[in-house]
>>> print(open('final15.cif').read())   # mmCIF, C-alpha atoms and all ligand atoms
data_coords
loop_
_atom_site.label_atom_id
_atom_site.label_comp_id
_atom_site.auth_asym_id
_atom_site.auth_seq_id
_atom_site.Cartn_x
_atom_site.Cartn_y
_atom_site.Cartn_z
CA MET A 1 -111.99 -49.21 -76.89
CA ARG A 2 -114.51 -51.83 -75.73
CA ILE A 3 -113.98 -54.71 -78.17
CA ILE A 4 -116.54 -57.46 -78.77
CA VAL A 5 -116.03 -60.42 -81.13
CA GLN A 6 -119.26 -61.62 -82.78
CA LYS A 7 -118.99 -64.98 -84.58
CA PHE A 8 -121.80 -66.09 -86.88
CA GLY A 9 -122.06 -69.79 -87.84
CA GLY A 10 -123.08 -71.21 -91.23
CA THR A 11 -126.86 -71.05 -90.70
CA SER A 12 -126.58 -67.44 -89.47
CA VAL A 13 -125.20 -66.22 -92.82
CA ALA A 14 -127.07 -68.59 -95.15
CA SER A 15 -129.59 -66.23 -96.81
CA PRO A 16 -130.13 -62.48 -97.39
CA GLU A 17 -132.96 -62.48 -94.78
CA VAL A 18 -130.76 -64.05 -92.11
CA ARG A 19 -127.83 -61.77 -92.94
CA GLU A 20 -130.12 -58.83 -92.09
CA LEU A 21 -130.44 -60.33 -88.60
CA VAL A 22 -126.62 -60.30 -88.41
CA VAL A 23 -126.62 -56.60 -89.40
CA HIS A 24 -129.05 -55.97 -86.53
CA LYS A 25 -126.78 -57.77 -83.98
CA VAL A 26 -123.72 -55.80 -85.16
CA LYS A 27 -125.64 -52.50 -85.02
CA GLN A 28 -126.88 -53.31 -81.53
CA ALA A 29 -123.31 -53.95 -80.34
CA ARG A 30 -122.20 -50.57 -81.74
CA GLU A 31 -125.14 -48.80 -80.11
CA GLN A 32 -124.03 -50.33 -76.80
CA GLY A 33 -120.63 -48.69 -77.22
CA PHE A 34 -118.71 -51.74 -78.48
CA SER A 35 -116.26 -51.90 -81.38
CA PRO A 36 -117.36 -55.17 -83.01
CA VAL A 37 -115.11 -57.63 -84.86
CA VAL A 38 -117.25 -59.97 -86.97
CA VAL A 39 -116.16 -63.58 -87.71
CA VAL A 40 -118.09 -65.70 -90.21
CA SER A 41 -118.31 -69.36 -91.21
CA ALA A 42 -119.02 -70.67 -94.71
CA MET A 43 -122.66 -70.15 -95.74
CA GLY A 44 -125.20 -72.87 -94.90
CA ARG A 45 -124.85 -76.54 -94.05
CA LYS A 46 -124.29 -79.70 -96.12
CA GLY A 47 -125.97 -79.32 -99.51
CA ALA A 48 -125.71 -75.50 -99.67
CA PRO A 49 -123.57 -74.47 -102.69
CA TYR A 50 -120.65 -72.93 -100.76
CA ALA A 51 -120.85 -74.92 -97.50
CA THR A 52 -117.63 -76.59 -96.35
CA ASP A 53 -119.05 -80.11 -96.87
CA THR A 54 -120.04 -79.22 -100.45
CA LEU A 55 -116.52 -77.95 -101.21
CA ILE A 56 -114.97 -81.10 -99.74
CA GLY A 57 -117.35 -83.15 -101.91
CA ILE A 58 -116.17 -81.32 -105.04
CA ALA A 59 -112.51 -81.99 -104.25
CA ARG A 60 -113.19 -85.63 -103.41
CA THR A 61 -114.97 -86.28 -106.70
CA ALA A 62 -111.53 -85.68 -108.27
CA TYR A 63 -109.77 -88.02 -105.83
CA ARG A 64 -111.21 -89.55 -102.66
CA ASP A 65 -107.87 -89.31 -100.84
CA ILE A 66 -106.92 -85.84 -102.08
CA ALA A 67 -103.98 -84.42 -100.11
CA ALA A 68 -104.69 -82.43 -96.95
CA ARG A 69 -102.98 -79.31 -98.33
CA GLU A 70 -105.17 -79.27 -101.46
CA LEU A 71 -108.30 -79.86 -99.37
CA ASP A 72 -107.45 -76.80 -97.27
CA GLN A 73 -107.22 -74.63 -100.38
CA ILE A 74 -110.80 -75.50 -101.41
CA MET A 75 -112.19 -75.32 -97.86
CA TYR A 76 -110.67 -71.83 -97.59
CA CYS A 77 -113.06 -70.64 -100.34
CA GLY A 78 -116.21 -71.17 -98.22
CA GLU A 79 -115.30 -68.58 -95.60
CA MET A 80 -113.91 -66.20 -98.27
CA ILE A 81 -117.26 -66.11 -100.10
CA SER A 82 -119.17 -65.72 -96.86
CA ALA A 83 -116.99 -62.87 -95.54
CA VAL A 84 -117.18 -60.93 -98.82
CA VAL A 85 -120.97 -61.24 -98.89
CA MET A 86 -121.27 -60.28 -95.20
CA ALA A 87 -118.93 -57.29 -95.60
CA GLY A 88 -121.03 -56.14 -98.58
CA THR A 89 -124.25 -56.52 -96.56
CA LEU A 90 -122.81 -54.43 -93.70
CA GLN A 91 -121.58 -51.81 -96.20
CA ALA A 92 -125.10 -51.63 -97.69
CA ALA A 93 -126.36 -50.94 -94.16
CA GLY A 94 -124.00 -47.96 -93.87
CA MET A 95 -121.09 -49.56 -91.99
CA ASP A 96 -117.49 -49.31 -93.12
CA ALA A 97 -116.87 -53.08 -93.22
CA VAL A 98 -113.53 -54.57 -94.33
CA MET A 99 -113.19 -58.23 -95.28
CA LEU A 100 -110.07 -59.98 -93.93
CA THR A 101 -108.77 -63.52 -94.51
CA GLY A 102 -107.44 -65.41 -91.49
CA GLY A 103 -103.91 -64.46 -92.58
CA ASN A 104 -104.89 -60.77 -93.03
CA ALA A 105 -106.30 -60.88 -89.50
CA GLY A 106 -102.92 -62.05 -88.13
CA ILE A 107 -103.76 -65.72 -87.45
CA ILE A 108 -100.47 -67.61 -87.85
CA THR A 109 -100.57 -71.41 -87.59
CA ASP A 110 -98.37 -74.47 -87.86
CA ALA A 111 -98.49 -76.47 -91.11
CA SER A 112 -100.83 -79.27 -89.95
CA PHE A 113 -103.23 -78.96 -92.88
CA ASN A 114 -106.93 -79.62 -92.04
CA ASN A 115 -106.28 -79.27 -88.30
CA ALA A 116 -103.74 -76.48 -87.87
CA ARG A 117 -102.88 -75.04 -84.46
CA ILE A 118 -102.73 -71.30 -83.94
CA LEU A 119 -99.19 -70.26 -82.99
CA LYS A 120 -99.83 -66.53 -82.86
CA SER A 121 -102.68 -64.07 -83.32
CA ASP A 122 -101.29 -60.64 -84.17
CA PRO A 123 -104.01 -58.01 -83.51
CA THR A 124 -102.20 -55.02 -85.12
CA ARG A 125 -104.21 -54.75 -88.34
CA ILE A 126 -107.58 -55.23 -86.66
CA ILE A 127 -106.78 -52.63 -83.99
CA THR A 128 -105.85 -50.11 -86.70
CA LEU A 129 -109.16 -50.75 -88.49
CA LEU A 130 -111.18 -50.45 -85.27
CA ARG A 131 -109.47 -47.15 -84.41
CA GLN A 132 -110.60 -45.88 -87.84
CA GLY A 133 -114.20 -46.82 -86.93
CA LYS A 134 -114.26 -49.74 -89.41
CA VAL A 135 -115.89 -53.15 -88.90
CA PRO A 136 -113.47 -56.01 -89.67
CA VAL A 137 -115.24 -59.07 -91.12
CA VAL A 138 -112.86 -61.98 -90.63
CA CYS A 139 -113.01 -65.38 -92.35
CA GLY A 140 -113.35 -67.94 -89.57
CA PHE A 141 -111.62 -71.35 -89.67
CA GLN A 142 -108.58 -69.99 -91.56
CA GLY A 143 -104.95 -69.47 -90.74
CA MET A 144 -101.68 -68.96 -92.54
CA THR A 145 -98.27 -70.49 -91.92
CA SER A 146 -95.28 -68.20 -91.47
CA ASP A 147 -94.30 -68.98 -95.07
CA GLY A 148 -97.67 -68.03 -96.49
CA GLU A 149 -99.46 -71.39 -96.86
CA PHE A 150 -103.25 -71.38 -96.27
CA THR A 151 -104.40 -73.69 -93.48
CA THR A 152 -107.70 -74.51 -91.75
CA LEU A 153 -108.28 -75.02 -88.04
CA GLY A 154 -110.31 -78.27 -87.94
CA ARG A 155 -114.06 -78.69 -88.55
CA GLY A 156 -116.07 -76.19 -86.53
CA GLY A 157 -112.93 -74.05 -86.27
CA SER A 158 -114.55 -70.63 -86.78
CA ASP A 159 -115.27 -70.70 -83.06
CA THR A 160 -111.50 -71.04 -82.53
CA THR A 161 -110.85 -67.98 -84.71
CA ALA A 162 -113.33 -65.97 -82.62
CA SER A 163 -111.69 -66.97 -79.33
CA ALA A 164 -108.16 -66.41 -80.61
CA LEU A 165 -109.10 -62.90 -81.77
CA GLY A 166 -110.92 -62.27 -78.48
CA ALA A 167 -107.79 -63.25 -76.58
CA SER A 168 -105.32 -61.23 -78.66
CA LEU A 169 -107.58 -58.15 -78.77
CA ASP A 170 -108.35 -58.43 -75.05
CA ALA A 171 -112.06 -58.36 -75.92
CA GLU A 172 -114.66 -57.77 -73.24
CA LEU A 173 -116.78 -60.60 -74.65
CA VAL A 174 -116.89 -63.21 -77.42
CA GLU A 175 -120.37 -63.99 -78.76
CA ILE A 176 -120.91 -67.26 -80.67
CA TYR A 177 -124.14 -66.88 -82.67
CA THR A 178 -125.79 -70.08 -83.91
CA ASP A 179 -129.22 -71.64 -84.58
CA VAL A 180 -130.07 -72.67 -81.00
CA ASP A 181 -130.72 -70.42 -77.97
CA GLY A 182 -127.60 -71.62 -76.13
CA ILE A 183 -125.83 -74.69 -74.84
CA MET A 184 -128.37 -77.30 -73.83
CA THR A 185 -128.38 -80.19 -71.37
CA ALA A 186 -128.32 -82.56 -74.40
CA ASP A 187 -128.40 -82.43 -78.18
CA PRO A 188 -131.94 -81.16 -78.95
CA ARG A 189 -132.06 -83.48 -81.96
CA ILE A 190 -132.11 -86.44 -79.51
CA VAL A 191 -133.77 -85.10 -76.36
CA ASP A 192 -136.98 -83.11 -76.95
CA ASN A 193 -137.05 -81.59 -73.49
CA ALA A 194 -133.37 -80.58 -73.29
CA LYS A 195 -132.96 -77.28 -71.43
CA ILE A 196 -130.87 -74.20 -72.18
CA LEU A 197 -128.12 -73.76 -69.58
CA GLU A 198 -127.91 -70.22 -68.24
CA CYS A 199 -124.22 -70.62 -67.42
CA ILE A 200 -121.58 -73.30 -67.54
CA SER A 201 -117.88 -73.48 -66.65
CA TYR A 202 -115.11 -73.55 -69.25
CA ALA A 203 -114.08 -76.99 -67.95
CA GLU A 204 -117.58 -78.47 -68.28
CA VAL A 205 -118.19 -77.16 -71.78
CA CYS A 206 -114.75 -78.41 -72.85
CA GLN A 207 -115.68 -81.89 -71.62
CA LEU A 208 -119.09 -81.73 -73.34
CA ALA A 209 -117.47 -80.62 -76.59
CA HIS A 210 -114.69 -83.23 -76.48
CA GLN A 211 -117.29 -85.92 -75.74
CA GLY A 212 -119.38 -85.02 -78.78
CA ALA A 213 -121.54 -81.88 -78.22
CA LYS A 214 -120.71 -80.09 -81.46
CA VAL A 215 -122.24 -76.78 -80.40
CA ILE A 216 -118.81 -75.19 -79.79
CA HIS A 217 -115.24 -76.21 -80.69
CA PRO A 218 -113.31 -77.36 -77.59
CA ARG A 219 -110.18 -75.46 -78.66
CA ALA A 220 -112.18 -72.21 -78.68
CA VAL A 221 -113.11 -72.83 -75.08
CA GLU A 222 -109.52 -73.64 -74.07
CA ILE A 223 -108.21 -70.41 -75.60
CA ALA A 224 -110.89 -68.27 -73.90
CA MET A 225 -110.25 -70.05 -70.59
CA GLN A 226 -106.53 -69.25 -70.68
CA LYS A 227 -107.29 -65.53 -70.80
CA ASN A 228 -110.51 -65.71 -68.80
CA ILE A 229 -112.53 -64.12 -71.62
CA PRO A 230 -116.27 -64.74 -71.24
CA LEU A 231 -117.94 -66.57 -74.12
CA VAL A 232 -121.67 -66.41 -74.79
CA VAL A 233 -123.38 -68.95 -77.07
CA LYS A 234 -126.66 -67.50 -78.37
CA SER A 235 -129.08 -67.45 -81.28
CA THR A 236 -129.00 -65.14 -84.28
CA PHE A 237 -132.73 -65.82 -84.64
CA SER A 238 -133.94 -64.63 -81.21
CA ASP A 239 -133.21 -62.20 -78.40
CA ALA A 240 -132.70 -64.98 -75.82
CA PRO A 241 -129.75 -64.22 -73.51
CA GLY A 242 -127.91 -67.47 -74.38
CA THR A 243 -125.42 -69.43 -72.28
CA LEU A 244 -122.55 -67.70 -70.50
CA ILE A 245 -119.35 -69.75 -70.40
CA THR A 246 -117.11 -68.55 -67.62
CA ASN A 247 -115.38 -69.59 -64.41
CA ILE A 248 -118.19 -70.99 -62.35
CA ALA A 249 -117.73 -73.64 -59.69
CA LYS A 250 -119.78 -75.67 -57.29
CA GLU A 251 -118.01 -74.21 -54.27
CA ASP A 252 -117.43 -70.51 -53.91
CA ASN A 253 -113.74 -70.27 -54.82
CA GLY A 254 -112.98 -66.63 -54.39
CA GLY A 255 -115.93 -64.86 -55.92
CA ALA A 256 -116.90 -67.42 -58.57
CA THR A 257 -120.63 -67.95 -59.04
CA VAL A 258 -121.99 -70.89 -57.04
CA ILE A 259 -123.86 -73.50 -59.07
CA ASP A 260 -125.19 -76.54 -57.28
CA ARG A 261 -125.90 -79.35 -59.72
CA VAL A 262 -124.45 -82.85 -59.99
CA ALA A 263 -124.86 -83.27 -63.75
CA THR A 264 -124.71 -80.46 -66.29
CA GLY A 265 -125.29 -82.31 -69.55
CA VAL A 266 -125.36 -85.60 -71.43
CA THR A 267 -123.52 -86.10 -74.69
CA TYR A 268 -122.49 -88.85 -77.11
CA LEU A 269 -120.01 -89.89 -79.78
CA THR A 270 -120.87 -92.48 -82.46
CA ASN A 271 -118.85 -94.38 -85.08
CA ILE A 272 -116.69 -96.15 -82.51
CA VAL A 273 -115.10 -99.60 -82.64
CA GLN A 274 -113.94 -101.56 -79.60
CA ILE A 275 -110.79 -103.67 -79.99
CA LYS A 276 -109.62 -106.42 -77.62
CA VAL A 277 -106.03 -107.65 -77.99
CA HIS A 278 -105.23 -111.02 -76.41
CA LEU A 279 -101.88 -111.37 -74.73
CA ASP A 280 -100.34 -114.61 -73.46
CA GLU A 281 -97.37 -115.43 -71.28
CA THR A 282 -95.24 -116.46 -74.29
CA MET A 283 -95.23 -112.83 -75.45
CA ALA A 284 -92.44 -110.39 -74.62
CA SER A 285 -92.92 -108.32 -71.45
CA ASP A 286 -93.29 -105.14 -73.51
CA ALA A 287 -96.14 -106.55 -75.64
CA SER A 288 -98.69 -104.02 -74.29
CA PHE A 289 -96.36 -101.14 -75.00
CA LYS A 290 -95.84 -102.41 -78.57
CA VAL A 291 -99.61 -102.48 -79.20
CA PHE A 292 -99.96 -98.79 -78.32
CA LYS A 293 -96.72 -97.87 -80.09
CA THR A 294 -97.97 -99.57 -83.30
CA LEU A 295 -101.18 -97.52 -83.14
CA ALA A 296 -99.36 -94.28 -82.31
CA ASP A 297 -96.93 -94.78 -85.21
CA SER A 298 -99.95 -95.18 -87.50
CA GLY A 299 -101.43 -91.87 -86.25
CA ILE A 300 -104.40 -93.61 -84.61
CA SER A 301 -105.60 -92.17 -81.30
CA VAL A 302 -107.14 -94.49 -78.72
CA ASP A 303 -109.75 -93.95 -76.03
CA LEU A 304 -111.41 -95.97 -73.22
CA ILE A 305 -108.21 -97.86 -72.48
CA ASN A 306 -108.13 -100.87 -70.08
CA VAL A 307 -104.94 -102.89 -69.67
CA HIS A 308 -105.36 -106.25 -67.84
CA PRO A 309 -103.04 -109.25 -67.55
CA GLY A 310 -103.86 -111.26 -70.68
CA GLN A 311 -105.90 -108.58 -72.43
CA ILE A 312 -105.87 -104.98 -73.61
CA MET A 313 -109.11 -103.25 -74.50
CA PHE A 314 -109.54 -99.84 -76.14
CA THR A 315 -111.70 -97.96 -78.62
CA ILE A 316 -110.88 -96.11 -81.83
CA ASN A 317 -112.83 -94.19 -84.46
CA ALA A 318 -114.36 -96.66 -86.94
CA ASP A 319 -112.64 -94.88 -89.84
CA HIS A 320 -109.30 -96.23 -88.54
CA ALA A 321 -110.50 -99.79 -87.77
CA GLU A 322 -109.24 -101.43 -90.96
CA LYS A 323 -105.78 -99.89 -90.65
CA ALA A 324 -105.48 -100.71 -86.92
CA SER A 325 -106.59 -104.30 -87.45
CA ALA A 326 -104.13 -104.84 -90.32
CA LYS A 327 -101.21 -103.35 -88.38
CA LEU A 328 -101.88 -105.36 -85.20
CA LYS A 329 -102.42 -108.63 -87.08
CA HIS A 330 -99.23 -108.00 -89.01
CA GLN A 331 -97.40 -107.78 -85.64
CA GLY A 332 -98.84 -111.21 -84.77
CA TYR A 333 -101.52 -110.15 -82.27
CA GLU A 334 -104.81 -111.99 -81.94
CA ILE A 335 -107.59 -109.39 -81.87
CA GLU A 336 -111.38 -109.20 -81.48
CA ILE A 337 -113.30 -106.29 -83.00
CA LEU A 338 -116.73 -105.06 -81.93
CA GLU A 339 -118.21 -102.63 -84.44
CA ASN A 340 -121.07 -100.11 -84.17
CA CYS A 341 -120.47 -98.78 -80.67
CA ALA A 342 -121.16 -95.34 -79.17
CA LYS A 343 -119.79 -93.52 -76.13
CA VAL A 344 -122.34 -91.78 -73.92
CA SER A 345 -121.12 -89.36 -71.22
CA VAL A 346 -122.64 -87.46 -68.33
CA VAL A 347 -120.62 -84.33 -67.54
CA GLY A 348 -120.86 -82.24 -64.39
CA GLY A 349 -118.34 -80.20 -62.40
CA GLY A 350 -120.54 -80.88 -59.35
CA MET A 351 -120.25 -84.70 -59.34
CA ARG A 352 -116.83 -84.65 -57.68
CA GLU A 353 -116.99 -86.69 -54.44
CA VAL A 354 -120.80 -87.05 -54.60
CA PRO A 355 -121.63 -90.66 -53.65
CA GLY A 356 -124.04 -92.70 -55.81
CA VAL A 357 -123.44 -91.05 -59.17
CA MET A 358 -122.15 -94.26 -60.77
CA ALA A 359 -125.00 -96.25 -59.19
CA SER A 360 -127.59 -93.89 -60.72
CA PHE A 361 -125.84 -94.09 -64.07
CA ILE A 362 -125.84 -97.89 -64.17
CA GLU A 363 -129.41 -98.06 -62.87
CA ALA A 364 -130.71 -95.83 -65.68
CA LEU A 365 -129.07 -97.99 -68.35
CA SER A 366 -129.94 -101.38 -66.89
CA ARG A 367 -133.61 -100.39 -66.43
CA ASN A 368 -133.65 -99.78 -70.17
CA LYS A 369 -131.80 -103.06 -70.82
CA ILE A 370 -128.87 -101.24 -72.43
CA ALA A 371 -125.68 -103.31 -72.49
CA ILE A 372 -122.63 -101.62 -70.92
CA LEU A 373 -119.54 -102.64 -72.87
CA GLN A 374 -116.96 -100.53 -71.02
CA THR A 375 -116.87 -97.60 -68.58
CA VAL A 376 -114.48 -94.81 -67.67
CA ASP A 377 -114.84 -91.94 -65.22
CA SER A 378 -113.06 -88.80 -64.06
CA HIS A 379 -113.85 -86.26 -61.32
CA THR A 380 -116.26 -84.49 -63.62
CA SER A 381 -117.60 -87.11 -66.03
CA ILE A 382 -118.72 -90.71 -66.43
CA SER A 383 -118.72 -92.38 -69.84
CA VAL A 384 -119.93 -95.75 -71.07
CA LEU A 385 -119.58 -97.63 -74.30
CA VAL A 386 -122.91 -98.98 -75.55
CA PRO A 387 -124.19 -100.53 -78.80
CA GLN A 388 -124.76 -97.68 -81.26
CA SER A 389 -128.38 -98.78 -81.78
CA ASP A 390 -129.04 -97.85 -78.11
CA VAL A 391 -127.44 -94.41 -78.15
CA GLY A 392 -130.71 -92.43 -78.25
CA ALA A 393 -132.29 -94.48 -75.46
CA ALA A 394 -129.11 -94.18 -73.34
CA VAL A 395 -128.91 -90.38 -73.71
CA LYS A 396 -132.63 -89.96 -72.94
CA SER A 397 -132.60 -92.25 -69.88
CA LEU A 398 -129.51 -90.57 -68.38
CA HIS A 399 -130.94 -87.10 -69.07
CA GLU A 400 -134.07 -88.11 -67.17
CA LYS A 401 -132.23 -89.92 -64.35
CA PHE A 402 -129.96 -86.97 -63.57
CA GLY A 403 -132.92 -84.58 -63.31
CA LEU A 404 -132.05 -82.62 -66.45
CA SER A 405 -135.53 -83.04 -67.96
CA ASN A 406 -137.34 -81.25 -65.11
P1 LIG B 1 -122.80 -73.25 -86.33
O1 LIG B 1 -122.82 -73.54 -87.79
O2 LIG B 1 -123.62 -72.06 -85.96
O3 LIG B 1 -121.42 -73.22 -85.76
P2 LIG B 1 -123.15 -75.92 -85.27
O4 LIG B 1 -123.92 -76.88 -86.11
O5 LIG B 1 -121.67 -76.03 -85.24
O6 LIG B 1 -123.61 -74.45 -85.67
O7 LIG B 1 -123.66 -76.00 -83.74
C1 LIG B 1 -125.03 -75.83 -83.43
C2 LIG B 1 -125.74 -77.18 -83.36
O8 LIG B 1 -125.17 -77.97 -82.31
C3 LIG B 1 -127.20 -77.07 -82.98
O9 LIG B 1 -128.01 -76.90 -84.12
C4 LIG B 1 -127.49 -78.39 -82.25
O10 LIG B 1 -128.20 -79.28 -83.06
C5 LIG B 1 -126.10 -79.00 -82.00
N1 LIG B 1 -125.90 -79.44 -80.62
C6 LIG B 1 -125.36 -80.64 -80.24
N2 LIG B 1 -125.30 -80.74 -78.91
C7 LIG B 1 -125.80 -79.60 -78.40
C8 LIG B 1 -126.00 -79.09 -77.07
N3 LIG B 1 -125.66 -79.79 -75.99
N4 LIG B 1 -126.52 -77.86 -76.95
C9 LIG B 1 -126.88 -77.12 -78.03
N5 LIG B 1 -126.72 -77.54 -79.31
C10 LIG B 1 -126.20 -78.77 -79.50
N1 LIG B 2 -117.01 -73.93 -92.15
C1 LIG B 2 -116.20 -74.73 -91.26
C2 LIG B 2 -116.86 -76.08 -91.00
O1 LIG B 2 -117.94 -76.35 -91.50
C3 LIG B 2 -115.88 -74.01 -89.98
C4 LIG B 2 -117.07 -73.70 -89.08
O2 LIG B 2 -118.23 -73.77 -89.51
O3 LIG B 2 -116.83 -73.35 -87.92
O4 LIG B 2 -116.29 -76.89 -90.32
MG MG B 3 -120.02 -74.74 -85.24
#
>>> encode(input="final15.cif", output="structure tokens")
Amino acid sequence: MRIIVQKFGGTSVASPEVRELVVHKVKQAREQGFSPVVVVSAMGRKGAPYATDTLIGIARTAYRDIAARELDQIMYCGEMISAVVMAGTLQAAGMDAVMLTGGNAGIITDASFNNARILKSDPTRIITLLRQGKVPVVCGFQGMTSDGEFTTLGRGGSDTTASALGASLDAELVEIYTDVDGIMTADPRIVDNAKILECISYAEVCQLAHQGAKVIHPRAVEIAMQKNIPLVVKSTFSDAPGTLITNIAKEDNGGATVIDRVATGVTYLTNIVQIKVHLDETMASDASFKVFKTLADSGISVDLINVHPGQIMFTINADHAEKASAKLKHQGYEIEILENCAKVSVVGGGMREVPGVMASFIEALSRNKIAILQTVDSHTSISVLVPQSDVGAAVKSLHEKFGLSN
């Protein structure tokens, strides 16, 4: 059996007309000799009646801080409705489609409601259905604990379902269908002349996704990478070939495709707060440790960390700023908070050991008079913290500077 997993995002299942395009993609896969497994997200985006954001809104009108477990139960409904409707549409087109929940499809998770981790993906039931010539239509984003509790896999988690099924079914390919023609050099909502990337490495797309490019869930990429299953991000609305995510590298490392580019894409994260904690010599020698321990104990994750004698600097998501500030002040620390910041990153597997990358980066921002509040770099990325009001200008100028607009 040649198995293909085809995942359709919210906009790809939003109306009867668009669902006919899905039918066409599934039919095409069958004509090419594949046994397709379909994964769907909840229908539509914010504002649509059964979209995940709408369901969250309904629960939160009852209580803003409704418990994570209860929120998962309502979020579960979005994918259930979508999968039933999609299975019906495929049945109407003459296919023997069978709707499965995440649990039915063998996705077993831990009990971290709202952001559960997949512990096991048991392919038995899907394989049986495929052998009978049926088309499984699986609810994305869903899992089940070993004692039968419904869980969800984190926002955007239908991609993760698709990859996990691809890995456990040993699929030839996982297709992620969405509303753009592939992964682009920047978010097209910010950069008009962003380009579709023909191919990109697992590592690069993971970095782009972690640094804000919401086109694919980073966990989906990690799962596919572990089993070396190719992922293709493409549009439901066109026949464009999309972006192939696989093992490519700048140098030829044993048959991998050779791609020669310094920067692959520019991305950004907003809603960030920078915190400076002042330390003085009267404080205990483990004062720095205690700052990070206080934050960790409060479940707050930190980024862009600089530890200097006399000062610690880091960033956190703005949603946690009030809590972090209260906890640190309670411990007696003097802190300074800078609100409304954004992190802008240039990612590229080819920037390793290339001289002048940081110089170009700084030049692009200073030419546009954009203040640099903090920087951090790795072998394959450079990130800066800038005022949030400058995020668009920063992304555009870096996109231009690194030759991604040509
Ligand atoms: P789906 O519901 O199909 O999963 P998403 O909204 O999760 O769709 O992802 C697709 C969206 O990601 C696109 O509409 C686009 O605006 C956005 N996006 C952000 N960064 C990028 C990028 N670098 N390349 C392509 N799309 C991007
Ligand atoms: N419907 C879920 C969300 O909006 C999962 C997904 O779309 O991938 O986050
Ligand atoms: Mg998505």
>>> closest_residue(input="final15.cif", among="A:Ala324, A:Val344, A:Met86, A:Ala167", to="A:Arg19", atoms="all atoms listed in the file")
A:Met86
>>> atom_distance(input="final15.cif", atom1="atom CA of A:Leu304", atom2="atom CA of A:Leu373")
10.5 Å
>>> residues_near_ligand(input="final15.cif", ligand="ligand LIG 1 (chain B)", cutoff="9 Å", atoms="all atoms listed in the file", output="ChimeraX atom specification")
/A:7-12,41-45,155-159,176-190,194-197,205,208-209,212-217,233,235-236,265-268
>>> closest_residue(input="final15.cif", among="A:Gly140, A:Gly88, A:Pro123, A:Pro218", to="ligand LIG 2 (chain B)", atoms="all atoms listed in the file")
A:Gly140
>>> axis_aligned_box(input="final15.cif", around="stretch 95-100 of chain A", padding_each_side="3 Å", output="lines of an AutoDock Vina configuration file")
center_x = -115.6
center_y = -54.6
center_z = -93.6
size_x = 17.0
size_y = 16.7
size_z = 9.3
>>> closest_residue(input="final15.cif", among="A:Ile126, A:Leu398, A:Ile316, A:Val37", to="A:Val357", atoms="all atoms listed in the file")
A:Leu398
>>> atom_distance(input="final15.cif", atom1="atom CA of A:Cys139", atom2="atom CA of A:Ser82")
7.6 Å
>>> decode(input="final15.cif", residues="stretch 133-144 of chain A", atoms="N, CA and C atoms", output="short mmCIF file (atom, residue, chain, number, x, y, z; two decimals), in the first residue's frame")
data_model
loop_
_atom_site.label_atom_id
_atom_site.label_comp_id
_atom_site.auth_asym_id
_atom_site.auth_seq_id
_atom_site.Cartn_x
_atom_site.Cartn_y
_atom_site.Cartn_z
N GLY A 133 -10.31 -0.57 1.41
CA GLY A 133 -10.55 0.42 0.35
C GLY A 133 -11.28 1.66 0.85
N LYS A 134 -11.34 1.85 2.18
CA LYS A 134 -12.07 3.00 2.73
C LYS A 134 -11.15 4.22 2.85
N VAL A 135 -11.77 5.40 3.01
CA VAL A 135 -10.99 6.63 3.19
C VAL A 135 -11.22 7.15 4.62
N PRO A 136 -10.24 6.95 5.51
CA PRO A 136 -10.42 7.49 6.86
C PRO A 136 -10.37 9.02 6.83
N VAL A 137 -11.30 9.66 7.55
CA VAL A 137 -11.30 11.12 7.68
C VAL A 137 -11.11 11.42 9.17
N VAL A 138 -9.90 11.83 9.52
CA VAL A 138 -9.53 11.92 10.93
C VAL A 138 -9.64 13.37 11.41
N CYS A 139 -10.19 13.54 12.61
CA CYS A 139 -10.24 14.87 13.25
C CYS A 139 -8.81 15.24 13.63
N GLY A 140 -8.31 16.34 13.08
CA GLY A 140 -7.00 16.82 13.48
C GLY A 140 -7.04 17.38 14.88
N PHE A 141 -5.86 17.67 15.48
CA PHE A 141 -5.78 18.47 16.70
C PHE A 141 -6.21 17.71 17.96
N GLN A 142 -6.71 16.46 17.77
CA GLN A 142 -7.29 15.73 18.92
C GLN A 142 -6.44 14.55 19.35
N GLY A 143 -6.47 14.27 20.64
CA GLY A 143 -5.90 13.04 21.14
C GLY A 143 -6.78 12.50 22.24
N MET A 144 -6.31 11.42 22.84
CA MET A 144 -7.04 10.83 23.97
C MET A 144 -6.01 10.27 24.95
#
